[in-house]
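**Student:** Next comes work.tsv, TSV, C-alpha atoms and all ligand atoms:
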```tsv
chain	number	residue	atom	x	y	z
K	1	MET	CA	60.83	109.55	83.51
K	2	THR	CA	61.61	113.25	83.88
K	3	SER	CA	63.90	115.15	81.60
K	4	LYS	CA	65.85	116.32	84.62
K	5	LYS	CA	66.88	112.79	85.51
K	6	LYS	CA	67.89	112.02	81.94
K	7	LYS	CA	70.23	114.99	81.82
K	8	ARG	CA	72.01	113.97	84.96
K	9	ASN	CA	72.58	110.45	83.62
K	10	ILE	CA	74.25	111.74	80.49
K	11	THR	CA	76.59	113.95	82.47
K	12	ALA	CA	77.68	111.03	84.66
K	13	ALA	CA	78.28	108.81	81.65
K	14	ASP	CA	80.26	111.56	79.98
K	15	ARG	CA	82.46	111.97	82.97
K	16	GLN	CA	83.08	108.24	83.12
K	17	ALA	CA	84.06	108.11	79.45
K	18	LYS	CA	86.50	110.93	80.00
K	19	SER	CA	88.27	109.27	82.90
K	20	LYS	CA	88.43	106.03	80.91
K	21	ASN	CA	90.21	107.74	78.02
K	22	GLN	CA	92.75	109.27	80.32
K	23	SER	CA	95.33	106.58	81.09
K	24	ARG	CA	96.98	106.83	84.41
K	25	CYS	CA	99.51	104.79	86.36
K	26	GLY	CA	97.53	102.19	88.29
K	27	LEU	CA	99.84	102.62	91.26
K	28	CYS	CA	100.44	106.34	91.74
K	29	GLY	CA	97.90	107.92	89.34
K	30	LYS	CA	100.33	109.89	87.20
K	31	THR	CA	99.17	110.48	83.64
K	32	THR	CA	102.45	111.22	81.88
K	33	ASN	CA	105.28	108.99	80.66
K	34	LEU	CA	103.39	105.72	80.95
K	35	THR	CA	104.04	102.24	79.69
K	36	LYS	CA	102.18	98.94	80.03
K	37	THR	CA	103.46	96.26	82.36
K	38	GLU	CA	104.74	93.14	80.63
K	39	CYS	CA	103.19	90.90	83.25
K	40	CYS	CA	99.61	92.14	83.37
K	41	GLY	CA	99.22	94.89	80.75
K	42	ASN	CA	98.33	97.67	83.19
K	43	TRP	CA	99.35	101.29	82.73
K	44	ILE	CA	102.33	102.16	84.88
K	45	CYS	CA	104.98	104.89	85.07
K	46	ASP	CA	107.82	104.30	82.66
K	47	ASP	CA	110.29	105.35	85.32
K	48	GLU	CA	112.71	102.49	85.65
K	49	ASP	CA	115.55	104.66	84.34
K	50	GLN	CA	115.22	106.84	87.42
K	51	TYR	CA	116.35	104.00	89.62
K	52	VAL	CA	119.89	104.39	90.92
K	53	MET	CA	121.79	101.11	90.79
K	54	PHE	CA	122.14	99.38	94.18
K	55	SER	CA	120.31	102.19	95.94
K	56	TYR	CA	117.41	99.85	96.77
K	57	ALA	CA	115.18	102.90	96.51
K	58	ARG	CA	111.56	102.11	95.90
K	59	ASN	CA	110.68	105.16	93.83
K	60	SER	CA	110.03	103.45	90.52
K	61	CYS	CA	106.49	102.20	89.95
K	62	SER	CA	107.41	99.77	87.20
K	63	ARG	CA	110.37	98.42	89.11
K	64	ASN	CA	108.36	98.06	92.31
K	65	HIS	CA	105.66	96.13	90.53
K	66	ARG	CA	108.13	93.83	88.82
K	67	ARG	CA	110.35	93.23	91.84
K	68	TYR	CA	108.02	93.37	94.80
K	69	THR	CA	104.80	91.69	93.67
K	70	LEU	CA	103.75	88.13	92.94
K	71	CYS	CA	102.45	89.33	89.57
K	72	GLY	CA	105.92	90.49	88.58
K	73	TYR	CA	107.70	87.49	90.09
K	74	HIS	CA	105.30	85.04	88.46
K	75	HIS	CA	105.93	86.65	85.08
K	76	VAL	CA	109.71	86.89	85.45
K	77	GLU	CA	109.89	83.24	86.52
K	78	GLY	CA	107.77	82.22	83.54
K	79	HIS	CA	105.10	80.36	85.55
K	80	ALA	CA	101.90	79.26	83.84
K	81	GLY	CA	98.40	80.47	84.69
K	82	ASP	CA	97.33	83.22	87.06
K	83	TRP	CA	99.63	84.37	89.86
K	84	LYS	CA	96.77	84.43	92.34
K	85	ASP	CA	96.45	80.66	92.38
K	86	CYS	CA	99.95	79.68	91.30
K	87	PRO	CA	101.25	76.81	93.47
K	88	GLN	CA	104.83	77.50	92.32
K	89	CYS	CA	104.82	81.07	93.65
K	90	ARG	CA	103.34	79.83	96.90
K	91	GLU	CA	106.06	77.22	97.22
K	92	ASP	CA	109.00	79.40	96.17
K	93	ILE	CA	108.34	82.28	98.53
K	94	GLU	CA	108.11	82.04	102.29
K	95	THR	CA	104.60	82.77	103.50
K	96	GLU	CA	105.21	86.17	105.06
K	97	MET	CA	106.87	87.48	101.91
K	98	TYR	CA	104.26	85.78	99.76
K	99	VAL	CA	101.53	87.69	101.58
K	100	TYR	CA	103.52	90.93	101.40
K	101	TYR	CA	104.18	90.54	97.68
K	102	GLY	CA	100.53	89.73	97.09
K	103	THR	CA	99.01	92.58	99.09
K	104	ASN	CA	101.38	95.56	99.10
K	105	GLU	CA	100.73	98.91	97.42
K	106	TYR	CA	102.62	97.92	94.29
K	107	ASN	CA	99.78	95.62	93.22
K	108	PHE	CA	96.97	96.50	90.82
K	109	GLU	CA	95.01	93.58	92.14
K	110	LYS	CA	95.55	92.15	95.58
K	111	LEU	CA	95.51	88.59	96.83
K	112	GLU	CA	91.98	88.02	98.08
K	113	ASN	CA	92.56	85.40	100.74
K	114	PRO	CA	96.16	85.69	101.84
K	115	PRO	CA	97.33	82.72	103.92
K	116	ASP	CA	97.98	83.10	107.65
K	117	TYR	CA	101.52	83.13	108.88
K	118	GLU	CA	103.38	83.33	112.16
K	119	PRO	CA	105.03	86.73	112.52
K	120	THR	CA	108.80	86.57	112.23
K	121	LYS	CA	110.55	87.49	115.46
K	122	CYS	CA	114.09	88.60	116.12
K	123	SER	CA	116.03	85.58	117.40
K	124	LYS	CA	117.92	87.86	119.78
K	125	CYS	CA	115.36	90.20	121.35
K	126	GLY	CA	112.03	88.79	120.17
K	127	VAL	CA	110.71	91.93	118.52
K	128	VAL	CA	108.43	91.28	115.52
K	129	ILE	CA	110.15	91.98	112.20
K	130	ARG	CA	108.01	92.82	109.20
K	131	LEU	CA	110.11	91.19	106.52
K	132	GLY	CA	108.51	93.12	103.69
K	133	THR	CA	109.20	96.60	104.94
K	134	GLU	CA	111.79	96.44	107.71
K	135	GLY	CA	115.50	95.89	107.64
K	136	PHE	CA	116.82	92.64	109.09
K	137	THR	CA	119.78	90.30	108.97
K	138	GLN	CA	119.32	86.65	108.17
K	139	SER	CA	121.83	84.27	109.64
K	140	GLY	CA	121.09	80.63	108.94
K	141	ASP	CA	117.61	80.00	110.34
K	142	GLU	CA	117.79	83.12	112.49
K	143	TYR	CA	116.40	86.54	111.81
K	144	TRP	CA	117.86	89.52	113.59
K	145	CYS	CA	116.18	92.91	113.85
K	146	GLU	CA	118.16	95.90	112.64
K	147	ALA	CA	119.39	96.83	116.11
K	148	CYS	CA	120.51	93.30	117.00
K	149	GLY	CA	121.99	92.83	113.54
K	150	ALA	CA	124.07	95.97	113.99
K	151	LYS	CA	125.27	94.74	117.40
K	152	GLU	CA	126.23	91.36	115.97
K	153	MET	CA	128.10	93.00	113.13
K	154	GLU	CA	130.05	95.06	115.63
K	155	LYS	CA	130.99	91.92	117.53
K	156	ILE	CA	132.13	90.21	114.36
K	157	ILE	CA	134.21	93.21	113.31
K	158	ARG	CA	135.80	93.42	116.76
K	159	ARG	CA	136.60	89.69	116.64
K	160	THR	CA	138.13	90.02	113.17
K	161	LYS	CA	140.22	92.98	114.30
K	162	ALA	CA	141.42	91.12	117.38
K	163	SER	CA	142.49	88.07	115.39
K	164	SER	CA	144.33	90.17	112.83
K	165	ARG	CA	146.31	91.89	115.58
K	166	ARG	CA	148.85	89.09	115.62
K	167	PRO	CA	152.45	90.28	115.64
K	168	LYS	CA	153.83	90.51	112.17
K	169	GLY	CA	156.97	88.61	111.36
K	170	ARG	CA	159.95	90.85	110.95
K	171	GLY	CA	161.75	90.52	107.67
F	201	ZN	ZN	103.34	105.50	88.89
F	202	ZN	ZN	101.78	92.73	86.80
F	203	ZN	ZN	103.78	81.79	89.85
F	204	ZN	ZN	116.45	92.17	117.98
```
With the file now loaded, output its structure as structure tokens.
Ligand SMILES: [Zn+2]
Ligand SMILES: [Zn+2]
Ligand SMILES: [Zn+2]
Ligand SMILES: [Zn+2]
**Tutor:**
Amino acid sequence: MTSKKKKRNITAADRQAKSKNQSRCGLCGKTTNLTKTECCGNWICDDEDQYVMFSYARNSCSRNHRRYTLCGYHHVEGHAGDWKDCPQCREDIETEMYVYYGTNEYNFEKLENPPDYEPTKCSKCGVVIRLGTEGFTQSGDEYWCEACGAKEMEKIIRRTKASSRRPKGRG
């Protein structure tokens, strides 16, 4: 054992202790204005107040974790046990979204063996829609990509306009 080696070990341990004392958001790494998640007790940005109602923006770490992960869902729904092997979560959420919620960047811990799923395709043009991150319209059993959804909406609006163009009764 040389004294040189010993010194280096102490320095490494010191550095580790320092980074352990410094709490940081487990998602984005910020060190200020933190809170602990209710679901799993991890440090996270206390930034929910920055969310603008109905904006659907995904700029809040705590909101993202609560709304877009299985961990958050599992907790909000009051399921028992661990979210990673919760049969209720698996059953409640369609497989593609289940995998997305379990593996996206809003997780502290990711699903280790996510189940396979058939990619969702647009019922109109066949393009693959990533349900977790892309816009889409759901109509009954059908999924429409953003482009086809917009086209359909136009058709519906035109139809509604046409039917409301009936002559108005005079009087
Ligand atoms: Zn954060
Ligand atoms: Zn959590
Ligand atoms: Zn669950
Ligand atoms: Zn399409």
**Student:** Neighbours of ligand ZN 201 (chain F) at 8 Å or closer, counting all atoms listed in the file: which residues, as number ranges by chain?
**Tutor:** K: 24-30, 34, 44-47, 60-62
**Student:** Rank K:Glu105, K:Glu112, K:Asp49, K:Glu154 by their smallest atom-to-atom distance to K:Trp83, using all atoms listed in the file, and report the top residue only.
**Tutor:**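 Looking only at the distances to K:Trp83, the closest residue turns out to be K:Glu112.
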**Student:** Give the residue list for ligand ZN 203 (chain F) at 12 Å, counting all atoms listed in the file, as a PyMOL selection string, sorted by chain and then by residue number.
**Tutor:** chain K and resi 39+69-93+98+101-102
**Student:** Determine the nearest neighbour of ligand ZN 202 (chain F) from the options K:Ser123, K:Asn107, K:Asn33, K:Thr95, counting only C-alpha atoms and all ligand atoms.
**Tutor:**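 Checking each of K:Ser123, K:Asn107, K:Asn33, K:Thr95 against ligand ZN 202 (chain F), counting only C-alpha atoms and all ligand atoms, the winner is K:Asn107.
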**Student:** For K:Glu146, please output as an NGL selection string all residues within 10 Å (counting only C-alpha atoms; exclusion window: fewer than 2 positions along the same chain).
**Tutor:** :K and (122 or 129 or 134-137 or 143-144 or 148-152)
**Student:** Restricting the calculation to only C-alpha atoms and all ligand atoms: of K:Cys40, K:Ala162, K:Met97, K:Leu111, which residue gets closest to ligand ZN 202 (chain F)?
**Tutor:** K:Cys40
**Student:** To one decimal in Å, tell me the separation between atom CA of K:Arg130 and atom CA of K:Glu96.
**Tutor:** 8.3 Å
**Student:** In Å to one decimal, how far is atom ZN of ligand ZN 202 (chain F) from atom CA of K:Glu109?
**Tutor:**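 Spanning atom CA of K:Glu109 to atom ZN of ligand ZN 202 (chain F) is a straight-line distance of 8.7 Å.
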**Student:** Can you measure atom CA of K:Thr103 to atom CA of K:Lys124 for me? One decimal in Å is fine.
**Tutor:**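 Separation of atom CA of K:Thr103 and atom CA of K:Lys124: 28.4 Å.
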